[in-house]
Amino acid sequence: MSELRIHLEFSGGAELLVGKTKHHDIALPHQPHPWSLRQLIAWIRDNLLKERAELFVTGESVRPGILVLVNSTDWELLGQLDYTLQPNDHVIFISTLHGG
Amino acid sequence: MSELRIHLEFSGGAELLVGKTKHHDIALPHQPHPWSLRQLIAWIRDNLLKERAELFVTGESVRPGILVLVNSTDWELLGQLDYTLQPNDHVIFISTLHGG
Amino acid sequence: MAQLSVEEVGRYGRQLILPEWGRRGQESVKGNSVLIVGVGGLGCPCALYLAAAGIGRLGLLDYDRVELSNLHRQVLHCENRVGVAKSESGRDAVKGLNSHISVTTHTVLLDSSNALSILSQYDIIVDATDNVATRYLLNDGCVLLGKPLVSGSALRFEGQLTVYGWRGGPCYRCLFPSPPPPASVTNCSEGGVLGVVPGVIGSLQALEALKIASGMEPLYSQQLLLFDALGGGFRTIRLRPRQPQCAVCGENPSITALIDYELFCGSRADDKDKRVDIL
Amino acid sequence: MAQLSVEEVGRYGRQLILPEWGRRGQESVKGNSVLIVGVGGLGCPCALYLAAAGIGRLGLLDYDRVELSNLHRQVLHCENRVGVAKSESGRDAVKGLNSHISVTTHTVLLDSSNALSILSQYDIIVDATDNVATRYLLNDGCVLLGKPLVSGSALRFEGQLTVYGWRGGPCYRCLFPSPPPPASVTNCSEGGVLGVVPGVIGSLQALEALKIASGMEPLYSQQLLLFDALGGGFRTIRLRPRQPQCAVCGENPSITALIDYELFCGSRADDKDKRVDIL
Ligand SMILES: [Zn+2]
Ligand SMILES: [Zn+2]
């Protein structure tokens with residue numbers, strides 16, 4: 001029974017919420033059911049967030065303005081919160097920029 | 001016994017030598033020994049080149065100024081002419097640009 | 001189709017000999033019009049390259065005046081024109097480069113009362129603005145009028161670019177149905193920006209507008225370009241298509257007229273340069 | 001370390017507040033010098049953004065004069081300055097944007113007799129040239145003098161960029177020990193180029209020079225950036241490191257002085273705009 005290793009990336013300012021660190025290699029603990037993006041977001045909120053949670057989450061999802069990408073693909077194309085994480089997935093949480 | 005399917009790309013002007021077509025999905029015929037980049041270059045010279053061969057090959061290699069890339073990596077890091085092709089490899093022949 | 005003069009053939013020669021562009025593409029570009037909303041870090045390089053390429057008509061919209069602190073990135077302006085309206089400063093610069101193009105200045109704050117009448121005068125809209133409310137306003141206006149929106153943004157060392165509202169692709173609301181919490185939004189005055197980053201994004205916005213104007217496909221419709229100048233370089237993300245449930249571009253849109261965007265976003269539609277206190 | 005004046009702090013404010021750049025980075029950039037070889041399609045946006053960012057000293061090298069057919073891509077120049085030396089036209093433009101920077105014009109053809117004395121006056125060299133012979137000349141000169149070379153190129157709809165001679169990375173000869181057959185080389189006059197393509201590459205060359213000047217790592221050392229504006233977008237290729245057998249930067253270099261590059265390449269070191277005949 002092994003952990004699920006994935007790579008997280010925070011960008012567009014979202015990295016400021018997780019200790020100004022863009023890249024995180026993490027090992028999610030083994031559990032009987034597969035890890036979904038919904039659960040990953042909760043795990044991040046409980047284990048990585050250093051700043052105000054409302055700047056990252058709203059309810060069980062990410063707050064408006066954060067786009068979630070898995071392996072260079074919009075999570076909307078992959079089942080959004082229900083997507084099942086695979087080993088070595090690269091998940092990016094990117095805050096959309098508004099400046100010019 | 002199956003053929004070896006790979007994707008070829010020609011760029012930076014090299015595409016002009018192969019019918020102005022940048023992308024070619026090809027199936028190399030089965031042979032007892034593995035296909036090397038050396039053999040692929042000979043195969044291209046004999047099967048794809050529409051224009052003067054000396055603008056693509058010099059001896060058994062590509063002519064000076066053409067860079068060979070396999071899966072976004074410089075072939076020099078992979079054994080150059082001796083590299084053994086794998087199924088679905090993406091091989092790019094790119095002519096270095098000099099204009100400005 | 002707009003005809004090219006002999007002098008224009010000489011000027012655009014290096015483009016005319018491109019088989020994929022040619023006389024047809026150049027005339028098509030001459031017959032097109034682009035509105036650049038925001039003559040700042042993104043808008044300046046965008047205007048420069050659209051003018052250089054021979055866009056027929058260029059609209060420059062900005063209500064602000066040139067300030068010294070703009071010049072590290074807003075390269076259409078210059079020291080002599082500090083204090084001048086950005087729209088007019090931009091016009092002077094592009095007319096100096098290419099007197100053939102027609103330039104219209106809009107020295108106004110874009111809002112729900114004037115947006116449709118201004119946007120409708122152009123074929124392609126470039127979002128080079130710096131605040132959330134205007135981005136939603138531009139998006140809704142473009143969807144309602146059926147115009148493609150070339151959207152760019154930049155902050156700190158990062159840039160983003162995509163084309164909204166193009167042939168089955170998403171609009172801004174398809175991706176972001178709800179605006180971000182105001183506390184999460186940073187502008188260039190507060191977060192800073194390395195000048196060349198909007199330089200790269202703005203140039204790419206010009207490229208996208210030129211692809212559309214010349215009859216070619218843009219690179220980044222239903223694709224998001226991410227640029228990280230600190231270390232990540234360029235990445236391209238595959239995006240969702242137009243969403244059937246989208247409030248403005250979906251099957252049963254609830255938004256059929258422009259709304260109050262400052263109210264919607266809970267933030268102002270400007271980005272007045274604030275005094276920067278350096279420790 | 002070069003000190004910033006109060007006015008400069010105001011001008012560069014949006015960069016000074018970036019933690020990774022800050023006062024230290026800005027002063028470091030002010031204390032650096034960059035030579036841009038070629039004030040054309042690549043050199044113009046590069047000079048613009050280096051000047052905007054506050055590079056201490058900028059060298060502009062070009063022996064040619066501004067022509068009308070340049071203006072679709074050479075955006076530092078303008079209609080008023082057709083006929084003026086490109087180096088001087090470029091200087092006028094960048095001084096108008098940023099009078100703080102020091103600009104030196106070199107209105108010469110770079111060759112083996114003058115290259116080392118010119119290159120040695122600068123910290124960082126930008127290859128914005130348009131012919132093979134000068135590219136080999138610049139490479140060898142930079143290796144002999146130990147200077148990084150930010151190399152860009154563009155043709156038709158494509159662009160390429162890499163940094164040579166930086167911390168274990170390859171030089172131009174490591175990749176291309178032999179020059180290409182002259183018949184295989186196309187310049188922008190013959191093949192054409194869409195103006196905004198060198199716009200993007202030249203802006204990125206400015207970024208790389210600024211990364212080095214501010215003490216940060218460039219994005220593209222031992223990496224090659226490929227840009228295809230027609231459809232492929234951006235790609236990054238991992239390159240070989242410095243090659244021990246390289247004739248100029250290897251363990252036992254056979255090239256220890258500049259050679260005759262036109263002879264070596266079998267082609268001229270200029271790219272005079274030829275008359276373009278449009279069918
Ligand atoms: Zn929509
Ligand atoms: Zn070398």
# chains A, B, ... in the order shown; residues from 1 in each chain; ligands from 1
call {"tool": "residues_around", "arguments": {"residues": "Val18 (chain B)", "least_positions_apart": "4", "cutoff": "12 Å", "atoms": "only C-alpha atoms", "output": "ChimeraX atom specification"}}
result
/B:8-11,13-14,22-24,44-53,55-56,93
call {"tool": "write_last_selection", "arguments": {"atoms": "N, CA, C and O atoms", "output": "mmCIF file, in the first residue's frame"}}
result
data_model
loop_
_atom_site.group_PDB
_atom_site.id
_atom_site.type_symbol
_atom_site.label_atom_id
_atom_site.label_comp_id
_atom_site.auth_asym_id
_atom_site.auth_seq_id
_atom_site.Cartn_x
_atom_site.Cartn_y
_atom_site.Cartn_z
ATOM 1 N N LEU B 8 7.733 12.528 -37.945
ATOM 2 C CA LEU B 8 8.825 13.397 -38.393
ATOM 3 C C LEU B 8 8.328 14.821 -38.542
ATOM 4 O O LEU B 8 7.189 15.049 -38.958
ATOM 5 N N GLU B 9 9.214 15.762 -38.230
ATOM 6 C CA GLU B 9 8.878 17.165 -38.430
ATOM 7 C C GLU B 9 10.073 17.861 -39.048
ATOM 8 O O GLU B 9 11.219 17.582 -38.689
ATOM 9 N N PHE B 10 9.807 18.729 -39.991
ATOM 10 C CA PHE B 10 10.852 19.505 -40.664
ATOM 11 C C PHE B 10 10.532 20.973 -40.463
ATOM 12 O O PHE B 10 9.384 21.397 -40.635
ATOM 13 N N SER B 11 11.533 21.772 -40.108
ATOM 14 C CA SER B 11 11.249 23.145 -39.708
ATOM 15 C C SER B 11 12.413 24.064 -40.048
ATOM 16 O O SER B 11 13.481 23.609 -40.456
ATOM 17 N N GLY B 13 12.773 25.951 -42.489
ATOM 18 C CA GLY B 13 13.077 25.970 -43.912
ATOM 19 C C GLY B 13 13.334 24.568 -44.451
ATOM 20 O O GLY B 13 13.212 24.336 -45.662
ATOM 21 N N ALA B 14 13.706 23.625 -43.597
ATOM 22 C CA ALA B 14 13.977 22.257 -44.054
ATOM 23 C C ALA B 14 12.741 21.622 -44.688
ATOM 24 O O ALA B 14 12.850 20.718 -45.515
ATOM 25 N N LYS B 22 5.514 20.150 -43.205
ATOM 26 C CA LYS B 22 6.273 20.104 -41.963
ATOM 27 C C LYS B 22 6.141 18.765 -41.235
ATOM 28 O O LYS B 22 7.096 18.274 -40.653
ATOM 29 N N HIS B 23 4.942 18.221 -41.255
ATOM 30 C CA HIS B 23 4.678 17.026 -40.445
ATOM 31 C C HIS B 23 4.456 15.787 -41.311
ATOM 32 O O HIS B 23 3.705 15.817 -42.277
ATOM 33 N N HIS B 24 5.110 14.694 -40.916
ATOM 34 C CA HIS B 24 4.970 13.417 -41.630
ATOM 35 C C HIS B 24 4.853 12.294 -40.609
ATOM 36 O O HIS B 24 5.768 12.101 -39.802
ATOM 37 N N ILE B 44 15.052 8.851 -45.268
ATOM 38 C CA ILE B 44 14.459 10.136 -45.666
ATOM 39 C C ILE B 44 15.032 10.583 -47.002
ATOM 40 O O ILE B 44 14.305 11.009 -47.903
ATOM 41 N N ARG B 45 16.342 10.450 -47.139
ATOM 42 C CA ARG B 45 16.989 10.848 -48.392
ATOM 43 C C ARG B 45 16.402 10.077 -49.573
ATOM 44 O O ARG B 45 16.155 10.635 -50.638
ATOM 45 N N ASP B 46 16.137 8.780 -49.345
ATOM 46 C CA ASP B 46 15.662 7.935 -50.436
ATOM 47 C C ASP B 46 14.157 8.003 -50.647
ATOM 48 O O ASP B 46 13.677 7.672 -51.732
ATOM 49 N N ASN B 47 13.393 8.396 -49.640
ATOM 50 C CA ASN B 47 11.938 8.300 -49.742
ATOM 51 C C ASN B 47 11.155 9.611 -49.639
ATOM 52 O O ASN B 47 10.029 9.688 -50.103
ATOM 53 N N LEU B 48 11.744 10.618 -48.988
ATOM 54 C CA LEU B 48 10.979 11.848 -48.753
ATOM 55 C C LEU B 48 11.504 13.069 -49.492
ATOM 56 O O LEU B 48 10.732 13.964 -49.831
ATOM 57 N N LEU B 49 12.814 13.089 -49.702
ATOM 58 C CA LEU B 49 13.402 14.297 -50.278
ATOM 59 C C LEU B 49 12.907 14.552 -51.687
ATOM 60 O O LEU B 49 12.976 13.679 -52.546
ATOM 61 N N LYS B 50 12.399 15.779 -51.897
ATOM 62 C CA LYS B 50 11.940 16.165 -53.228
ATOM 63 C C LYS B 50 12.981 17.047 -53.908
ATOM 64 O O LYS B 50 12.915 17.292 -55.101
ATOM 65 N N GLU B 51 13.884 17.574 -53.103
ATOM 66 C CA GLU B 51 14.840 18.537 -53.643
ATOM 67 C C GLU B 51 16.252 17.982 -53.555
ATOM 68 O O GLU B 51 16.473 16.870 -53.129
ATOM 69 N N ARG B 52 17.186 18.818 -53.881
ATOM 70 C CA ARG B 52 18.596 18.435 -53.919
ATOM 71 C C ARG B 52 19.047 17.822 -52.607
ATOM 72 O O ARG B 52 19.000 18.459 -51.557
ATOM 73 N N ALA B 53 19.524 16.598 -52.669
ATOM 74 C CA ALA B 53 19.888 15.865 -51.455
ATOM 75 C C ALA B 53 20.963 16.569 -50.641
ATOM 76 O O ALA B 53 20.989 16.452 -49.420
ATOM 77 N N LEU B 55 21.233 19.452 -49.793
ATOM 78 C CA LEU B 55 20.693 20.453 -48.871
ATOM 79 C C LEU B 55 20.139 19.787 -47.618
ATOM 80 O O LEU B 55 19.682 20.473 -46.702
ATOM 81 N N PHE B 56 20.176 18.456 -47.574
ATOM 82 C CA PHE B 56 19.717 17.749 -46.388
ATOM 83 C C PHE B 56 20.801 16.867 -45.766
ATOM 84 O O PHE B 56 20.967 16.818 -44.562
ATOM 85 N N PHE B 93 13.842 17.731 -37.669
ATOM 86 C CA PHE B 93 15.011 18.199 -38.415
ATOM 87 C C PHE B 93 14.803 19.688 -38.607
ATOM 88 O O PHE B 93 13.914 20.106 -39.353
#
call {"tool": "interface_residues", "arguments": {"of": "chain C", "to": "chain D", "cutoff": "7 Å", "atoms": "only C-alpha atoms", "output": "PyMOL selection string"}}
result
chain C and resi 10-15+17-18+49+52-53+68-69+71-73+78-79+96-97+156+188-189+192-196+199-200+203-204+207+219+231+233-234+276
call {"tool": "write_last_selection", "arguments": {"atoms": "C-alpha atoms", "output": "mmCIF file, in the first residue's frame"}}
result
data_model
loop_
_atom_site.group_PDB
_atom_site.id
_atom_site.type_symbol
_atom_site.label_atom_id
_atom_site.label_comp_id
_atom_site.auth_asym_id
_atom_site.auth_seq_id
_atom_site.Cartn_x
_atom_site.Cartn_y
_atom_site.Cartn_z
ATOM 1 C CA GLY C 10 7.624 48.480 -51.012
ATOM 2 C CA ARG C 11 7.051 48.857 -47.277
ATOM 3 C CA TYR C 12 5.489 45.430 -46.748
ATOM 4 C CA GLY C 13 7.693 43.595 -49.233
ATOM 5 C CA ARG C 14 9.150 41.182 -46.677
ATOM 6 C CA GLN C 15 5.634 40.066 -45.765
ATOM 7 C CA ILE C 17 6.693 37.351 -50.362
ATOM 8 C CA LEU C 18 5.492 34.956 -47.670
ATOM 9 C CA TYR C 49 3.495 45.839 -34.300
ATOM 10 C CA ALA C 52 4.175 48.171 -38.490
ATOM 11 C CA ALA C 53 2.339 45.295 -40.154
ATOM 12 C CA LEU C 68 7.358 58.764 -15.784
ATOM 13 C CA SER C 69 6.791 55.507 -13.939
ATOM 14 C CA LEU C 71 8.249 54.329 -19.223
ATOM 15 C CA HIS C 72 9.944 51.175 -17.975
ATOM 16 C CA ARG C 73 7.325 49.225 -19.948
ATOM 17 C CA CYS C 78 8.538 58.891 -24.184
ATOM 18 C CA GLU C 79 9.908 61.534 -21.842
ATOM 19 C CA GLY C 96 5.491 58.239 -37.150
ATOM 20 C CA LEU C 97 6.219 54.614 -37.907
ATOM 21 C CA ARG C 156 5.556 40.505 -11.754
ATOM 22 C CA CYS C 188 1.120 46.211 -11.549
ATOM 23 C CA SER C 189 1.346 49.210 -9.228
ATOM 24 C CA GLY C 192 5.262 45.217 -9.717
ATOM 25 C CA VAL C 193 6.122 44.016 -13.204
ATOM 26 C CA LEU C 194 9.302 43.572 -15.232
ATOM 27 C CA GLY C 195 8.737 45.777 -18.282
ATOM 28 C CA VAL C 196 9.753 43.314 -20.954
ATOM 29 C CA GLY C 199 6.442 43.508 -24.014
ATOM 30 C CA VAL C 200 6.441 39.865 -25.018
ATOM 31 C CA SER C 203 3.708 41.569 -29.182
ATOM 32 C CA LEU C 204 1.993 38.188 -29.197
ATOM 33 C CA LEU C 207 0.411 38.491 -33.755
ATOM 34 C CA LEU C 219 -2.443 30.239 -32.091
ATOM 35 C CA GLY C 231 12.282 30.255 -14.749
ATOM 36 C CA GLY C 233 9.455 29.880 -19.755
ATOM 37 C CA PHE C 234 6.517 29.207 -22.076
ATOM 38 C CA VAL C 276 5.269 53.482 -4.498
#
call {"tool": "residues_near_ligand", "arguments": {"ligand": "ligand 1", "cutoff": "7 Å", "atoms": "only C-alpha atoms and all ligand atoms", "output": "PDB file with C-alpha atoms, in the first residue's frame"}}
result
ATOM      1  CA  PRO C 170     -14.656  29.763 -24.667  1.00  0.00           C
ATOM      2  CA  CYS C 171     -15.265  33.321 -23.538  1.00  0.00           C
ATOM      3  CA  TYR C 172     -13.871  34.797 -20.324  1.00  0.00           C
ATOM      4  CA  ARG C 173     -16.995  33.870 -18.364  1.00  0.00           C
ATOM      5  CA  CYS C 174     -16.797  30.264 -19.611  1.00  0.00           C
ATOM      6  CA  ARG C 242     -17.488  27.289 -25.258  1.00  0.00           C
ATOM      7  CA  GLN C 243     -19.648  26.236 -22.321  1.00  0.00           C
ATOM      8  CA  CYS C 246     -22.269  30.161 -19.912  1.00  0.00           C
ATOM      9  CA  ALA C 247     -24.237  33.207 -18.779  1.00  0.00           C
ATOM     10  CA  VAL C 248     -23.313  35.318 -21.790  1.00  0.00           C
ATOM     11  CA  CYS C 249     -22.197  33.022 -24.645  1.00  0.00           C
ATOM     12  CA  GLY C 250     -24.071  29.818 -23.798  1.00  0.00           C
TER      13      GLY C 250
END
call {"tool": "interface_residues", "arguments": {"of": "chain B", "to": "chain D", "cutoff": "10 Å", "atoms": "only C-alpha atoms", "output": "PDB file with N, CA, C and O atoms, in the first residue's frame"}}
result
ATOM      1  N   SER B  11      11.533  21.772 -40.108  1.00  0.00           N
ATOM      2  CA  SER B  11      11.249  23.145 -39.708  1.00  0.00           C
ATOM      3  C   SER B  11      12.413  24.064 -40.048  1.00  0.00           C
ATOM      4  O   SER B  11      13.481  23.609 -40.456  1.00  0.00           O
ATOM      5  N   GLY B  12      12.184  25.369 -39.911  1.00  0.00           N
ATOM      6  CA  GLY B  12      13.251  26.340 -40.141  1.00  0.00           C
ATOM      7  C   GLY B  12      13.637  26.449 -41.609  1.00  0.00           C
ATOM      8  O   GLY B  12      14.674  26.990 -41.959  1.00  0.00           O
ATOM      9  N   GLY B  13      12.773  25.951 -42.489  1.00  0.00           N
ATOM     10  CA  GLY B  13      13.077  25.970 -43.912  1.00  0.00           C
ATOM     11  C   GLY B  13      13.334  24.568 -44.451  1.00  0.00           C
ATOM     12  O   GLY B  13      13.212  24.336 -45.662  1.00  0.00           O
ATOM     13  N   ALA B  14      13.706  23.625 -43.597  1.00  0.00           N
ATOM     14  CA  ALA B  14      13.977  22.257 -44.054  1.00  0.00           C
ATOM     15  C   ALA B  14      12.741  21.622 -44.688  1.00  0.00           C
ATOM     16  O   ALA B  14      12.850  20.718 -45.515  1.00  0.00           O
ATOM     17  N   GLU B  54      21.859  17.306 -51.319  1.00  0.00           N
ATOM     18  CA  GLU B  54      22.963  17.924 -50.566  1.00  0.00           C
ATOM     19  C   GLU B  54      22.490  19.058 -49.656  1.00  0.00           C
ATOM     20  O   GLU B  54      23.252  19.561 -48.849  1.00  0.00           O
ATOM     21  N   LEU B  55      21.233  19.452 -49.793  1.00  0.00           N
ATOM     22  CA  LEU B  55      20.693  20.453 -48.871  1.00  0.00           C
ATOM     23  C   LEU B  55      20.139  19.787 -47.618  1.00  0.00           C
ATOM     24  O   LEU B  55      19.682  20.473 -46.702  1.00  0.00           O
ATOM     25  N   PHE B  56      20.176  18.456 -47.574  1.00  0.00           N
ATOM     26  CA  PHE B  56      19.717  17.749 -46.388  1.00  0.00           C
ATOM     27  C   PHE B  56      20.801  16.867 -45.766  1.00  0.00           C
ATOM     28  O   PHE B  56      20.967  16.818 -44.562  1.00  0.00           O
ATOM     29  N   ARG B  63      23.350  17.668 -43.237  1.00  0.00           N
ATOM     30  CA  ARG B  63      24.338  18.674 -43.640  1.00  0.00           C
ATOM     31  C   ARG B  63      24.502  19.703 -42.516  1.00  0.00           C
ATOM     32  O   ARG B  63      23.605  19.857 -41.666  1.00  0.00           O
ATOM     33  N   PRO B  64      25.657  20.395 -42.502  1.00  0.00           N
ATOM     34  CA  PRO B  64      25.897  21.403 -41.464  1.00  0.00           C
ATOM     35  C   PRO B  64      24.770  22.435 -41.417  1.00  0.00           C
ATOM     36  O   PRO B  64      24.289  22.888 -42.461  1.00  0.00           O
ATOM     37  N   GLY B  65      24.354  22.777 -40.203  1.00  0.00           N
ATOM     38  CA  GLY B  65      23.296  23.761 -40.045  1.00  0.00           C
ATOM     39  C   GLY B  65      21.946  23.144 -39.766  1.00  0.00           C
ATOM     40  O   GLY B  65      20.995  23.851 -39.419  1.00  0.00           O
ATOM     41  N   ILE B  66      21.819  21.832 -39.911  1.00  0.00           N
ATOM     42  CA  ILE B  66      20.572  21.173 -39.517  1.00  0.00           C
ATOM     43  C   ILE B  66      20.805  20.519 -38.160  1.00  0.00           C
ATOM     44  O   ILE B  66      21.782  19.793 -37.959  1.00  0.00           O
ATOM     45  N   LEU B  67      19.889  20.797 -37.246  1.00  0.00           N
ATOM     46  CA  LEU B  67      19.942  20.221 -35.911  1.00  0.00           C
ATOM     47  C   LEU B  67      18.887  19.117 -35.845  1.00  0.00           C
ATOM     48  O   LEU B  67      17.770  19.287 -36.352  1.00  0.00           O
ATOM     49  N   LEU B  69      16.591  16.713 -33.460  1.00  0.00           N
ATOM     50  CA  LEU B  69      16.037  16.647 -32.114  1.00  0.00           C
ATOM     51  C   LEU B  69      15.137  15.421 -32.004  1.00  0.00           C
ATOM     52  O   LEU B  69      14.380  15.121 -32.935  1.00  0.00           O
ATOM     53  N   VAL B  70      15.224  14.728 -30.880  1.00  0.00           N
ATOM     54  CA  VAL B  70      14.319  13.608 -30.635  1.00  0.00           C
ATOM     55  C   VAL B  70      13.576  13.872 -29.333  1.00  0.00           C
ATOM     56  O   VAL B  70      14.211  14.047 -28.284  1.00  0.00           O
ATOM     57  N   ASN B  71      12.252  13.965 -29.418  1.00  0.00           N
ATOM     58  CA  ASN B  71      11.433  14.221 -28.219  1.00  0.00           C
ATOM     59  C   ASN B  71      11.952  15.422 -27.445  1.00  0.00           C
ATOM     60  O   ASN B  71      12.227  15.347 -26.246  1.00  0.00           O
ATOM     61  N   SER B  72      12.121  16.535 -28.171  1.00  0.00           N
ATOM     62  CA  SER B  72      12.560  17.824 -27.612  1.00  0.00           C
ATOM     63  C   SER B  72      13.955  17.805 -27.014  1.00  0.00           C
ATOM     64  O   SER B  72      14.269  18.617 -26.152  1.00  0.00           O
ATOM     65  N   THR B  73      14.793  16.857 -27.457  1.00  0.00           N
ATOM     66  CA  THR B  73      16.151  16.781 -26.948  1.00  0.00           C
ATOM     67  C   THR B  73      17.146  16.729 -28.096  1.00  0.00           C
ATOM     68  O   THR B  73      16.924  16.036 -29.091  1.00  0.00           O
ATOM     69  N   ASP B  74      18.223  17.474 -27.959  1.00  0.00           N
ATOM     70  CA  ASP B  74      19.353  17.480 -28.899  1.00  0.00           C
ATOM     71  C   ASP B  74      19.863  16.042 -29.076  1.00  0.00           C
ATOM     72  O   ASP B  74      20.200  15.373 -28.105  1.00  0.00           O
ATOM     73  N   TRP B  75      19.976  15.585 -30.327  1.00  0.00           N
ATOM     74  CA  TRP B  75      20.410  14.201 -30.552  1.00  0.00           C
ATOM     75  C   TRP B  75      21.812  13.923 -30.015  1.00  0.00           C
ATOM     76  O   TRP B  75      22.165  12.773 -29.763  1.00  0.00           O
ATOM     77  N   GLU B  76      22.598  14.984 -29.837  1.00  0.00           N
ATOM     78  CA  GLU B  76      23.954  14.817 -29.310  1.00  0.00           C
ATOM     79  C   GLU B  76      23.912  14.198 -27.915  1.00  0.00           C
ATOM     80  O   GLU B  76      24.833  13.497 -27.503  1.00  0.00           O
ATOM     81  N   LEU B  77      22.826  14.447 -27.182  1.00  0.00           N
ATOM     82  CA  LEU B  77      22.670  13.903 -25.824  1.00  0.00           C
ATOM     83  C   LEU B  77      22.161  12.463 -25.855  1.00  0.00           C
ATOM     84  O   LEU B  77      22.052  11.825 -24.803  1.00  0.00           O
ATOM     85  N   LEU B  78      21.812  11.966 -27.028  1.00  0.00           N
ATOM     86  CA  LEU B  78      21.150  10.664 -27.118  1.00  0.00           C
ATOM     87  C   LEU B  78      21.947   9.642 -27.925  1.00  0.00           C
ATOM     88  O   LEU B  78      21.467   8.550 -28.185  1.00  0.00           O
ATOM     89  N   ILE B  94      15.595  20.486 -37.893  1.00  0.00           N
ATOM     90  CA  ILE B  94      15.369  21.924 -37.954  1.00  0.00           C
ATOM     91  C   ILE B  94      16.596  22.639 -38.488  1.00  0.00           C
ATOM     92  O   ILE B  94      17.709  22.433 -38.003  1.00  0.00           O
ATOM     93  N   SER B  95      16.374  23.435 -39.503  1.00  0.00           N
ATOM     94  CA  SER B  95      17.458  24.226 -40.067  1.00  0.00           C
ATOM     95  C   SER B  95      17.641  25.452 -39.188  1.00  0.00           C
ATOM     96  O   SER B  95      16.667  26.134 -38.851  1.00  0.00           O
ATOM     97  N   THR B  96      18.891  25.710 -38.762  1.00  0.00           N
ATOM     98  CA  THR B  96      19.089  26.871 -37.914  1.00  0.00           C
ATOM     99  C   THR B  96      18.895  28.137 -38.742  1.00  0.00           C
ATOM    100  O   THR B  96      19.294  28.218 -39.895  1.00  0.00           O
ATOM    101  N   LEU B  97      18.209  29.109 -38.145  1.00  0.00           N
ATOM    102  CA  LEU B  97      17.920  30.358 -38.852  1.00  0.00           C
ATOM    103  C   LEU B  97      19.054  31.353 -38.647  1.00  0.00           C
ATOM    104  O   LEU B  97      19.692  31.379 -37.590  1.00  0.00           O
ATOM    105  N   HIS B  98      19.291  32.174 -39.659  1.00  0.00           N
ATOM    106  CA  HIS B  98      20.347  33.177 -39.540  1.00  0.00           C
ATOM    107  C   HIS B  98      19.843  34.593 -39.704  1.00  0.00           C
ATOM    108  O   HIS B  98      20.569  35.556 -39.501  1.00  0.00           O
ATOM    109  N   GLY B  99      18.564  34.719 -40.100  1.00  0.00           N
ATOM    110  CA  GLY B  99      18.032  36.039 -40.400  1.00  0.00           C
ATOM    111  C   GLY B  99      17.688  36.851 -39.169  1.00  0.00           C
ATOM    112  O   GLY B  99      17.551  36.326 -38.068  1.00  0.00           O
ATOM    113  N   GLY B 100      17.492  38.138 -39.367  1.00  0.00           N
ATOM    114  CA  GLY B 100      17.104  39.023 -38.278  1.00  0.00           C
ATOM    115  C   GLY B 100      16.444  40.279 -38.798  1.00  0.00           C
ATOM    116  O   GLY B 100      16.270  41.223 -38.069  1.00  0.00           O
TER     117      GLY B 100
END
call {"tool": "closest_residue", "arguments": {"among": "A:Ile41, A:Ile6, A:Val57, A:Leu16", "to": "Leu28 (chain A)", "atoms": "only C-alpha atoms"}}
result
A:Ile6
call {"tool": "select_by_dssp", "arguments": {"residues": "chain B", "states": "strand (DSSP E or B)", "output": "number ranges by chain"}}
result
B: 4-11, 23-28, 36, 57-58, 61-62, 66-70, 73-74, 84, 90-95
call {"tool": "residues_around", "arguments": {"residues": "region 31-35 of chain C", "least_positions_apart": "3", "cutoff": "6 Å", "atoms": "only C-alpha atoms", "output": "list in words"}}
result
Ala2, Ser28, Gly56, Arg57, Leu58, Gly59, Tyr122, Asp123, Ile124, Ile125 and Ala213 of chain C
call {"tool": "select_by_dssp", "arguments": {"residues": "region 48-257 of chain C", "states": "helix (DSSP H, G or I)", "output": "NGL selection string"}}
result
:C and (48-53 or 68-70 or 79-81 or 86-97 or 115-119 or 132-145 or 172-175 or 182-184 or 188-191 or 196-213)
call {"tool": "atom_distance", "arguments": {"atom1": "CA of Leu60 (chain C)", "atom2": "CA of Pro148 (chain C)"}}
result
16.9 Å
call {"tool": "atom_distance", "arguments": {"atom1": "CA of Gly168 (chain D)", "atom2": "atom 1 (Zn, counted along the ligand's line) of ligand 2"}}
result
9.9 Å
call {"tool": "residues_around", "arguments": {"residues": "Asp64 (chain C)", "least_positions_apart": "5", "cutoff": "12 Å", "atoms": "only C-alpha atoms", "output": "ChimeraX atom specification"}}
result
/C:37-40,70,82-90,106-110,129,270-273
call {"tool": "atom_distance", "arguments": {"atom1": "CA of Asn114 (chain C)", "atom2": "CA of Met1 (chain C)"}}
result
29.7 Å
